[in-house]
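**Q** Below you will find the structure I want to go over with you.
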Amino acid sequence: MIEALSFDFIQHAILAGILVSIASGIIGSLIVVNRMVFLAGGIAHTAYGGIGMAVFFGLPIFLGASIFAVLSALIISIITLKHRERMDTFIGLMWAVGMAVGVIFIDLTEGYTVDFMSYLFGSILAVSQNDLYFMGGLLVAIIFIVTFWYRDILAVSYDSEYAQLRGINVPFFYTLILVLSALTVVVAIKVVGLILVIALLTIPVYIAERVSNTLYIMMMLSGLFSSIFTLIGLWVSYQYDIASGASIILISTLSLFTFLGVSKLR
Amino acid sequence: MKKSNMSIIEIKNLSFKYGKQKILEDINLSIEERDFLAIIGPNGGGKSTLLKLILGINTVREGDIYTFGEKPKKNLSLIGYVPQNTNVNTDFPIKVIEVVLMGHIGTKQPLFGYGKDEIMCAMGALAQVGMDEFSNAKIGSLSGGQRQRVMIARALCAHPQILILDEPTSSIDIDGQKQIYQLLKELNKMITIIVVSHDISVIMKYAKTVIHINKTLTYHDITNNNNNSNNERPHHLCNHFCEVEFFHKSKERVS
């Protein structure tokens, strides 16, 4: 195990795991308290369309996925602000269309079949230096934005009607949360893949919510739990040579059941 | 320094439509300082719409509303609002004090975190509603009545001159309701209270003025209703009969 730490790709994986875990802990908390889990799922799957197009046009994957995910976040935000009652239909639609676009573009790209699975289930062992810069930059941006607007975000999340009445621009913060979710989803795809992204954004967050009495603490604990699960999952995956994304999620789920069991017993 | 007969909310010939459906028709109302106004009426009768117009959430198109002599949007900080449903989102990880501190939104704030004076003010508001010992509790751990008092503290935090409550006791047990109205009566010594409610027997005990809204407005003057042997109300001239009349009738029968 110790000699594994000397490999570059392992160091990158550990660093990526921690950066993404903290980001997804903060943003996952906002997604959960705002009841946006399904929206985040829609964005994650729409991002696949961006991955497919980036592959086809030879653009950097992160860039393509980010643009697509942010655009889908903006569309979802407009739709949910205008037609709340039709929200689930639209998100389901975007979910499927995004995937379809991605599959078609990857099919059209000649000789490109190898990485297909890695976007569905993650490829944390293939994190490059540039990926790490992107993840680090995003995390810094998230921490800055959430700290700076903490009170507004808290008010909008807890009681948007009251926030609106006090003059907070609720649609702006709603859109901001969705856009940050989209970017977080994109980096989380690298770690656990887009199919498992929702689990990373919700399982540690759910445990944290139960033991926190402020949103701030919930965010920090989510990031901490998520980091622990990711690192243990990474170790299990290395030790038994199994897929990293899936083992991270399984470790999280086992922890969740243990947590629920223990809190039942008490 | 009693300033009497000064209306702080003036509504003139107000009508409001959602699409083609008329919700409010030709409402005229003037609310005086330190009134305790109760708004009753059926669901869908336009009570909440009227509140939303006063609060500037909906825009007035026909007629006029003046709060403190100006358009509603200008004086929002002078009006405290306690929304109807405080039982939603009870899982939310937020402390009582943080909820109250939301009342400061829109005023000058430090760049990060909460200012010392803000926290002092929020604690004062909590003490006013008798909830200061719960300041660090999670909001979800409180009872419905306690949570409602916290919402009142949040509204008081901004030092409003009018407090508007939308069905403040709809999901609270009897004891909790009594406490809320007792608190409102206490607050009424300083500020004007407007409350939407279904609970007519409680309203008759605490309110100074009662209006009934079902598209149109009917006025019930119930001041001095403790010795109400022959208080004919102006609307008896027309055909209005609502819970207020029912309440009086049933009271007559008992005595």
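In the structure tokens, chains take letters A, B, ... by order of appearance, with residues numbered from 1 within each chain and ligands from 1 in the order shown.
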May I have a table of the residues of chain A lying at most 8 Å from chain B, giving each one's closest pair of atoms and their distance in Å to one decimal, counting only C-alpha atoms, ordered by chain and ascending residue number, as CSV?
**A**
residue,atom,partner,partner_atom,distance
A:Val33,CA,B:Phe92,CA,6.4
A:Thr147,CA,B:Phe112,CA,7.1
A:Phe148,CA,B:Phe112,CA,6.2
A:Tyr150,CA,B:Gly113,CA,7.9
A:Arg151,CA,B:Met102,CA,7.6
A:Asp152,CA,B:Ile105,CA,7.9
A:Ala155,CA,B:Met102,CA,6.5
A:Tyr158,CA,B:Phe92,CA,7.0
A:Tyr162,CA,B:Pro83,CA,7.5
A:Ala163,CA,B:Ile105,CA,7.9
A:Leu165,CA,B:Ile57,CA,7.0
A:Arg166,CA,B:Gly106,CA,6.0
A:Gly167,CA,B:Gly106,CA,6.4
A:Ile168,CA,B:Gly106,CA,7.5
A:Glu209,CA,B:Pro93,CA,6.5
A:Ser212,CA,B:Pro93,CA,6.1
A:Asn213,CA,B:Pro93,CA,4.6
A:Thr214,CA,B:Ile94,CA,4.4
A:Leu215,CA,B:Pro93,CA,5.4
A:Met218,CA,B:Pro93,CA,7.3
**Q** Which residues are near Ile61 (chain A)? Cut-off 10 Å, only C-alpha atoms, ignore same chain within fewer than 2 positions. Put them as a ChimeraX atom specification.
**A** /A:50-55,57-59,63-66,131,186
**Q** Which neighbours of Ile9 (chain B) fall inside 6 Å, counting only C-alpha atoms, when residues of the same chain fewer than 3 positions from it are skipped, and could you give them as number ranges by chain?
**A** B: 30-31, 66-67
**Q** Could you name the residues that touch region 88-97 of chain A at 9 Å or less, counting only C-alpha atoms, but leaving out those on the same chain fewer than 2 positions away, as a PyMOL selection string?
**A** chain A and resi 38-39+41-47+49+72+76+79-80+84-86+99-102
**Q** As a PyMOL selection string, please: every residue in region 77-210 of chain A that DSSP puts in alpha helix (DSSP H).
**A** chain A and resi 77-82+87-108+116-121+129-148+150-158+160-165+170-192+197-210
**Q** Using only C-alpha atoms, can you tell me which of B:Leu187, B:Ala38, B:Ile8, B:Ile97 comes closest to His159 (chain B)?
**A**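 Closest to His159 (chain B) of all the choices is B:Leu187.
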**Q** Run DSSP on the backbone and give me the residues of region 6-201 of chain B it puts in strand (DSSP E or B), as a VMD selection string.
**A** chain B and resid 7 to 18 21 to 32 36 to 40 62 to 67 70 79 to 82 95 138 162 to 166 192 to 196
**Q** Quick one: pull the distance between CA of Val146 (chain A) and CA of Ile75 (chain A), Å, one decimal.
**A**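 Interatomic distance here is 22.2 Å.
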